[in-house]
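Visitor: The following file, protein_39.pdb, comprises PDB, C-alpha atoms:
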```pdb
MODEL        1
ATOM      1  CA  GLU A   1      18.824  -7.873  -1.684
ATOM      2  CA  ASP A   2      16.363  -5.276  -0.435
ATOM      3  CA  GLN A   3      13.809  -6.943   1.790
ATOM      4  CA  VAL A   4      11.136  -6.239   4.387
ATOM      5  CA  THR A   5      10.035  -9.003   6.770
ATOM      6  CA  GLN A   6       7.134  -8.805   9.180
ATOM      7  CA  SER A   7       6.374 -11.065  12.110
ATOM      8  CA  PRO A   8       4.269 -12.684  13.276
ATOM      9  CA  GLU A   9       2.153 -13.491  10.226
ATOM     10  CA  ALA A  10      -0.973 -13.538  12.386
ATOM     11  CA  LEU A  11      -1.673 -12.491  15.953
ATOM     12  CA  ARG A  12      -4.742 -13.187  18.062
ATOM     13  CA  LEU A  13      -5.189 -11.080  21.188
ATOM     14  CA  GLN A  14      -7.838 -10.703  23.835
ATOM     15  CA  GLU A  15      -9.220  -7.223  24.232
ATOM     16  CA  GLY A  16      -6.852  -5.321  26.538
ATOM     17  CA  GLU A  17      -3.904  -7.675  25.938
ATOM     18  CA  SER A  18      -0.961  -5.533  24.777
ATOM     19  CA  SER A  19       1.571  -6.829  22.242
ATOM     20  CA  SER A  20       4.039  -5.802  19.542
ATOM     21  CA  LEU A  21       4.405  -6.371  15.802
ATOM     22  CA  ASN A  22       7.850  -6.506  14.215
ATOM     23  CA  CYS A  23       9.171  -5.224  10.892
ATOM     24  CA  SER A  24      12.801  -5.931   9.999
ATOM     25  CA  TYR A  25      14.387  -4.555   6.863
ATOM     26  CA  THR A  26      17.490  -4.725   4.741
ATOM     27  CA  VAL A  27      17.168  -1.795   2.347
ATOM     28  CA  SER A  28      19.985   0.402   1.157
ATOM     29  CA  GLY A  29      19.408   4.131   1.138
ATOM     30  CA  LEU A  30      16.441   4.035   3.533
ATOM     31  CA  ARG A  31      14.467   7.258   3.289
ATOM     32  CA  GLY A  32      11.603   6.334   5.582
ATOM     33  CA  LEU A  33       9.731   3.471   7.213
ATOM     34  CA  PHE A  34       5.950   3.474   7.107
ATOM     35  CA  TRP A  35       3.180   1.674   8.909
ATOM     36  CA  TYR A  36      -0.210   1.180   7.303
ATOM     37  CA  ARG A  37      -3.421  -0.411   8.462
ATOM     38  CA  GLN A  38      -5.476  -2.304   5.887
ATOM     39  CA  ASP A  39      -9.032  -3.545   6.325
ATOM     40  CA  PRO A  40     -10.280  -6.351   4.033
ATOM     41  CA  GLY A  41     -11.004  -5.154   0.498
ATOM     42  CA  LYS A  42      -9.778  -1.627   1.256
ATOM     43  CA  GLY A  43      -6.674   0.355   0.423
ATOM     44  CA  PRO A  44      -3.955   0.760   3.068
ATOM     45  CA  GLU A  45      -4.514   3.598   5.516
ATOM     46  CA  PHE A  46      -1.451   5.563   6.555
ATOM     47  CA  LEU A  47      -0.521   5.403  10.247
ATOM     48  CA  PHE A  48       3.080   6.531  10.806
ATOM     49  CA  THR A  49       6.295   7.556   9.113
ATOM     50  CA  LEU A  50       9.647   7.080  10.882
ATOM     51  CA  TYR A  51      12.841   8.495   9.417
ATOM     52  CA  SER A  52      15.704   7.840  11.825
ATOM     53  CA  ALA A  53      16.774   5.351  14.472
ATOM     54  CA  GLY A  54      15.440   6.246  17.903
ATOM     55  CA  GLU A  55      12.364   7.972  16.551
ATOM     56  CA  GLU A  56       8.964   7.175  18.077
ATOM     57  CA  LYS A  57       5.441   8.132  17.003
ATOM     58  CA  GLU A  58       2.153   7.588  18.855
ATOM     59  CA  LYS A  59      -1.480   7.583  17.865
ATOM     60  CA  GLU A  60      -4.173   6.470  20.285
ATOM     61  CA  ARG A  61      -3.323   2.859  21.275
ATOM     62  CA  LEU A  62      -0.489   2.550  18.736
ATOM     63  CA  LYS A  63       3.166   3.426  19.147
ATOM     64  CA  ALA A  64       5.807   2.908  16.458
ATOM     65  CA  THR A  65       9.534   2.789  17.126
ATOM     66  CA  LEU A  66      12.534   2.496  14.819
ATOM     67  CA  THR A  67      16.056   1.098  15.146
ATOM     68  CA  LYS A  68      18.692   0.722  12.455
ATOM     69  CA  LYS A  69      17.405  -2.711  11.460
ATOM     70  CA  GLU A  70      13.795  -2.954  12.586
ATOM     71  CA  SER A  71      10.635  -1.235  13.659
ATOM     72  CA  PHE A  72       8.045  -2.220  16.221
ATOM     73  CA  LEU A  73       4.375  -1.360  16.328
ATOM     74  CA  HIS A  74       3.252  -1.582  19.933
ATOM     75  CA  ILE A  75      -0.456  -1.973  20.595
ATOM     76  CA  THR A  76      -1.562  -1.067  24.107
ATOM     77  CA  ALA A  77      -4.875  -2.396  25.454
ATOM     78  CA  PRO A  78      -6.234  -3.221  21.975
ATOM     79  CA  LYS A  79      -9.922  -3.158  21.131
ATOM     80  CA  PRO A  80     -11.810  -5.317  18.590
ATOM     81  CA  GLU A  81     -11.861  -2.372  16.168
ATOM     82  CA  ASP A  82      -8.053  -2.585  15.992
ATOM     83  CA  SER A  83      -8.452  -5.876  14.107
ATOM     84  CA  ALA A  84      -6.868  -5.427  10.658
ATOM     85  CA  THR A  85      -3.751  -6.266   8.698
ATOM     86  CA  TYR A  86      -0.826  -4.018   9.562
ATOM     87  CA  LEU A  87       1.636  -3.424   6.730
ATOM     88  CA  CYS A  88       5.153  -2.122   7.055
ATOM     89  CA  ALA A  89       6.865  -0.496   4.078
ATOM     90  CA  VAL A  90      10.232   1.112   3.495
ATOM     91  CA  ASN A  91      10.968   3.818   0.970
ATOM     92  CA  ASN A  92      14.052   3.780  -1.217
ATOM     93  CA  PHE A  93      13.843   6.850  -3.435
ATOM     94  CA  ASN A  94      10.680   6.409  -5.510
ATOM     95  CA  LYS A  95       9.997   2.791  -4.663
ATOM     96  CA  PHE A  96       8.265   1.198  -1.709
ATOM     97  CA  TYR A  97       9.032  -2.266  -0.437
ATOM     98  CA  PHE A  98       6.125  -3.774   1.467
ATOM     99  CA  GLY A  99       6.270  -6.509   4.042
ATOM    100  CA  SER A 100       3.714  -9.316   3.916
ATOM    101  CA  GLY A 101       1.801  -7.864   6.839
ATOM    102  CA  THR A 102       0.611  -9.025  10.241
ATOM    103  CA  LYS A 103      -3.048  -9.936  10.518
ATOM    104  CA  LEU A 104      -4.264  -8.851  13.936
ATOM    105  CA  ASN A 105      -7.449 -10.271  15.432
ATOM    106  CA  VAL A 106      -8.622  -8.797  18.738
ATOM    107  CA  LYS A 107     -11.323 -10.804  20.492
ATOM    108  CA  PRO A 108     -13.771  -9.094  22.868
TER     109      PRO A 108
ATOM    110  CA  ASP B 109      -8.962  17.262  -0.475
ATOM    111  CA  THR B 110      -6.709  14.538   0.914
ATOM    112  CA  GLU B 111      -8.144  11.580  -0.944
ATOM    113  CA  VAL B 112      -7.341   9.333  -3.833
ATOM    114  CA  THR B 113     -10.554   8.286  -5.554
ATOM    115  CA  GLN B 114     -10.742   5.080  -7.569
ATOM    116  CA  THR B 115     -13.576   3.990  -9.835
ATOM    117  CA  PRO B 116     -15.217   1.603 -10.199
ATOM    118  CA  LYS B 117     -15.077  -0.080  -6.787
ATOM    119  CA  HIS B 118     -15.912  -3.462  -8.297
ATOM    120  CA  LEU B 119     -15.499  -4.750 -11.847
ATOM    121  CA  VAL B 120     -16.286  -8.093 -13.423
ATOM    122  CA  MET B 121     -15.001  -8.589 -16.951
ATOM    123  CA  GLY B 122     -14.660 -11.374 -19.453
ATOM    124  CA  MET B 123     -11.334 -12.381 -20.929
ATOM    125  CA  THR B 124     -12.182 -10.711 -24.258
ATOM    126  CA  ASN B 125     -13.410  -7.433 -22.763
ATOM    127  CA  LYS B 126     -11.698  -4.058 -22.712
ATOM    128  CA  LYS B 127     -12.159  -1.982 -19.580
ATOM    129  CA  SER B 128     -10.444   0.853 -17.747
ATOM    130  CA  LEU B 129      -9.747   1.660 -14.119
ATOM    131  CA  LYS B 130      -9.629   5.297 -13.085
ATOM    132  CA  CYS B 131      -7.810   7.100 -10.320
ATOM    133  CA  GLU B 132      -8.034  10.778  -9.382
ATOM    134  CA  GLN B 133      -6.322  12.976  -6.801
ATOM    135  CA  HIS B 134      -6.311  16.719  -6.137
ATOM    136  CA  MET B 135      -3.501  16.987  -3.605
ATOM    137  CA  GLY B 136      -0.968  18.352  -6.075
ATOM    138  CA  HIS B 137       0.984  15.094  -5.987
ATOM    139  CA  ARG B 138       3.108  14.593  -9.107
ATOM    140  CA  ALA B 139       3.886  10.897  -8.569
ATOM    141  CA  MET B 140       1.171   8.311  -9.086
ATOM    142  CA  TYR B 141       1.303   4.562  -8.807
ATOM    143  CA  TRP B 142      -0.577   1.398  -9.683
ATOM    144  CA  TYR B 143      -0.307  -1.575  -7.371
ATOM    145  CA  LYS B 144      -1.815  -5.049  -7.631
ATOM    146  CA  GLN B 145      -2.740  -6.910  -4.465
ATOM    147  CA  LYS B 146      -3.734 -10.555  -4.315
ATOM    148  CA  ALA B 147      -5.545 -11.923  -1.281
ATOM    149  CA  LYS B 148      -3.393 -12.124   1.854
ATOM    150  CA  LYS B 149      -0.397 -10.667  -0.002
ATOM    151  CA  PRO B 150       1.222  -7.223   0.163
ATOM    152  CA  PRO B 151       0.687  -4.732  -2.660
ATOM    153  CA  GLU B 152       2.990  -5.280  -5.645
ATOM    154  CA  LEU B 153       4.168  -2.293  -7.650
ATOM    155  CA  MET B 154       3.112  -2.247 -11.304
ATOM    156  CA  PHE B 155       3.771   1.263 -12.635
ATOM    157  CA  VAL B 156       5.086   4.617 -11.447
ATOM    158  CA  TYR B 157       4.386   7.952 -13.118
ATOM    159  CA  SER B 158       6.465  11.014 -12.244
ATOM    160  CA  TYR B 159       5.381  14.342 -13.696
ATOM    161  CA  GLU B 160       2.944  12.500 -15.969
ATOM    162  CA  LYS B 161       5.705  10.384 -17.494
ATOM    163  CA  LEU B 162       6.077   6.650 -16.982
ATOM    164  CA  SER B 163       9.192   6.169 -14.882
ATOM    165  CA  ILE B 164       8.881   2.581 -13.677
ATOM    166  CA  ASN B 165       7.266  -0.447 -15.319
ATOM    167  CA  GLU B 166       7.792  -3.535 -13.197
ATOM    168  CA  SER B 167       7.756  -5.922 -16.180
ATOM    169  CA  VAL B 168       3.981  -5.875 -16.301
ATOM    170  CA  PRO B 169       2.324  -7.791 -19.210
ATOM    171  CA  SER B 170       1.166  -5.613 -22.094
ATOM    172  CA  ARG B 171      -2.473  -6.511 -21.449
ATOM    173  CA  PHE B 172      -2.192  -3.804 -18.754
ATOM    174  CA  SER B 173      -1.694  -0.349 -20.266
ATOM    175  CA  PRO B 174      -1.302   2.699 -17.991
ATOM    176  CA  GLU B 175      -2.050   6.249 -18.981
ATOM    177  CA  CYS B 176      -1.580   9.549 -17.159
ATOM    178  CA  PRO B 177      -3.526  12.196 -19.122
ATOM    179  CA  ASN B 178      -2.820  14.967 -16.597
ATOM    180  CA  SER B 179      -1.369  15.533 -13.147
ATOM    181  CA  SER B 180      -4.617  14.556 -11.401
ATOM    182  CA  LEU B 181      -5.665  11.483 -13.341
ATOM    183  CA  LEU B 182      -4.285   8.008 -13.781
ATOM    184  CA  ASN B 183      -5.900   5.270 -15.844
ATOM    185  CA  LEU B 184      -5.212   1.580 -16.228
ATOM    186  CA  HIS B 185      -6.531   0.097 -19.461
ATOM    187  CA  LEU B 186      -7.259  -3.612 -19.391
ATOM    188  CA  HIS B 187      -7.512  -5.926 -22.393
ATOM    189  CA  ALA B 188      -7.542  -9.702 -22.802
ATOM    190  CA  LEU B 189      -6.975 -10.375 -19.123
ATOM    191  CA  GLN B 190      -6.630 -13.802 -17.580
ATOM    192  CA  PRO B 191      -8.473 -15.142 -14.506
ATOM    193  CA  GLU B 192      -5.205 -14.944 -12.549
ATOM    194  CA  ASP B 193      -5.309 -11.168 -13.018
ATOM    195  CA  SER B 194      -8.226 -11.030 -10.600
ATOM    196  CA  ALA B 195      -7.066  -8.912  -7.659
ATOM    197  CA  LEU B 196      -7.480  -5.629  -5.813
ATOM    198  CA  TYR B 197      -5.920  -2.840  -7.898
ATOM    199  CA  LEU B 198      -4.696   0.066  -5.828
ATOM    200  CA  CYS B 199      -3.792   3.548  -6.944
ATOM    201  CA  ALA B 200      -1.572   5.768  -4.815
ATOM    202  CA  SER B 201      -0.024   9.214  -5.054
ATOM    203  CA  SER B 202       2.802  11.081  -3.378
ATOM    204  CA  GLN B 203       5.206  13.947  -3.800
ATOM    205  CA  VAL B 204       7.982  13.068  -6.244
ATOM    206  CA  GLY B 205      11.237  12.051  -4.607
ATOM    207  CA  ASP B 206       9.852  12.827  -1.177
ATOM    208  CA  PRO B 207      10.066  10.280   1.635
ATOM    209  CA  TYR B 208       6.502  10.949   2.732
ATOM    210  CA  GLY B 209       4.146   8.035   2.604
ATOM    211  CA  TYR B 210       1.749   7.375  -0.140
ATOM    212  CA  THR B 211      -1.914   8.157  -0.013
ATOM    213  CA  PHE B 212      -3.771   5.098  -1.268
ATOM    214  CA  GLY B 213      -7.177   4.852  -2.838
ATOM    215  CA  SER B 214      -9.662   2.227  -1.666
ATOM    216  CA  GLY B 215      -8.993   0.098  -4.709
ATOM    217  CA  THR B 216     -10.909  -1.588  -7.493
ATOM    218  CA  ARG B 217     -11.804  -5.223  -6.900
ATOM    219  CA  LEU B 218     -11.366  -6.856 -10.329
ATOM    220  CA  THR B 219     -12.727 -10.280 -11.192
ATOM    221  CA  VAL B 220     -11.870 -11.805 -14.577
ATOM    222  CA  VAL B 221     -14.230 -14.562 -15.677
TER     223      VAL B 221
ENDMDL
END
```
Rewrite the coordinates I just gave you, this time as structure tokens.

Guide:
Amino acid sequence: EDQVTQSPEALRLQEGESSSLNCSYTVSGLRGLFWYRQDPGKGPEFLFTLYSAGEEKEKERLKATLTKKESFLHITAPKPEDSATYLCAVNNFNKFYFGSGTKLNVKP
Amino acid sequence: DTEVTQTPKHLVMGMTNKKSLKCEQHMGHRAMYWYKQKAKKPPELMFVYSYEKLSINESVPSRFSPECPNSSLLNLHLHALQPEDSALYLCASSQVGDPYGYTFGSGTRLTVV
């Protein structure tokens, strides 16, 4: 069964405390893995696309990596404005499978 | 223009009302999607349009009726909804059959009373 699992469900960090979010997947015919950020009541905002194992992408304090079974979103020295829900999704042809998300709360 | 615009942003409707949600994009994307998102849950796919034709209907109740009048517009017609249909309704677009990520709109917050 095609599935995307994110952990942890929620993460509370102090400002400057680095950590990682995990996305594991079992999807046949993977065509891409995507990370989105979603603020409450808003649509998901695209962050990264990863296509093959070993690939890495960076944007400001965020770095996404991909292996054959999972992806990590590393957050370095987070700030309160990084607080949001981070969604992982995998693409199988014309369908996306979303994980349940990790709710990140960064305290000043 | 790299946006997907959804209107209205908020909608309150009674169970006997008929209303419509609208979605518009001008990025030349030929795949458009409706998702439903309940609080603290991931988006759930409802419908997919490819080249203005309905290609996927995820067993959505008939009280939700999608329409794609042209390559830039996507509507979701609502009739006789139930309170449990209250949710954030998201529209997205992408290239057809392309592994690029979607571009999402900001959503319509629907409350059924």

Visitor: Counting all atoms listed in the file, which residues from chain B have an atom at most 12 Å from any atom of chain A, and could you show them as JSON, numbers by chain?

Guide: {"B": [110, 111, 112, 113, 114, 117, 118, 138, 139, 140, 141, 142, 143, 144, 145, 146, 147, 148, 149, 150, 151, 152, 153, 154, 155, 156, 157, 158, 163, 164, 165, 166, 195, 196, 197, 198, 199, 200, 201, 202, 203, 204, 205, 206, 207, 208, 209, 210, 211, 212, 213, 214, 215, 216, 217, 218]}

Visitor: I'd like the interatomic distance between atom CA of Leu189 of chain B and atom CA of Pro116 of chain B, to a tenth of an Å.

Guide: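 According to the coordinates, atom CA of Leu189 of chain B and atom CA of Pro116 of chain B are separated by 17.1 Å.
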
Visitor: Within 8 Å of (17.9, -1.5, 10.7) (file coordinates; all atoms listed in the file), which protein or nucleic acid residues are there? I'd like them as a PyMOL selection string.

Guide: chain A and resi 24-26+53+66-71

Visitor: What residues have an atom no more than 6 Å from (-3.3, 16.1, -8.2) in the file's own frame, counting all atoms listed in the file, and can you write them as a ChimeraX atom specification?

Guide: /B:133-137,179-180

Visitor: From the options A:Ser28, A:Gly54, A:Asn22, A:Pro80, which residue's atoms come nearest to Thr5 of chain A, counting only C-alpha atoms?

Guide: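 Looking at the shortest contact to Thr5 of chain A, the residue is A:Asn22.
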
Visitor: Rounded to one decimal place, report the atom CA of Glu81 of chain A-atom CA of Thr65 of chain A distance in Å.

Guide: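 Atom-to-atom, atom CA of Glu81 of chain A to atom CA of Thr65 of chain A, that is 22.0 Å.
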
Visitor: One number please: atom CA of His74 of chain A to atom CA of Glu58 of chain A, in Å, one decimal.

Guide: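 Pair atom CA of His74 of chain A / atom CA of Glu58 of chain A returns 9.3 Å.
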
Visitor: In terms of the shortest atom-to-atom distance over all atoms listed in the file, which of B:Ser170, B:Glu132, B:Lys161, B:Met123 is closest to Ala188 of chain B?

Guide: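 When distances to Ala188 of chain B are compared using all atoms listed in the file, the smallest one comes from B:Met123.
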
Visitor: Name the residues captured by the PyMOL selection byres ((chain A and resi 104) around 9) when it is applied to the shown file; answer as a list in words.

Guide: Glu9, Ala10, Leu11, Arg12, Leu13, Asp82, Ser83, Ala84, Thr85, Tyr86, Thr102, Lys103, Asn105 and Val106 of chain A

Visitor: I need the output of the PyMOL selection byres ((chain A and resi 21) around 6) for this file as a list in words; which residues are they?

Guide: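 Taken on the displayed file, the PyMOL selection byres ((chain A and resi 21) around 6) yields the residues Ser20, Asn22, Phe72 and Leu73 of chain A.
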
Visitor: Which is closer to Tyr159 of chain B than all the others in B:Thr115, B:Thr219, B:Ser194, B:Asn178, using all atoms listed in the file?

Guide: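 With all atoms listed in the file as the atom set, the closest residue is B:Asn178.
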
Visitor: What box, with edges along x, y and z, holds each listed atom of segment 46-50 of chain A when 5 Å is added on every side, and can you state its centre and edge lengths in Å to one decimal, as lines of an AutoDock Vina configuration file?

Guide:
```
center_x = 4.1
center_y = 6.5
center_z = 8.7
size_x = 21.1
size_y = 12.2
size_z = 14.3
```
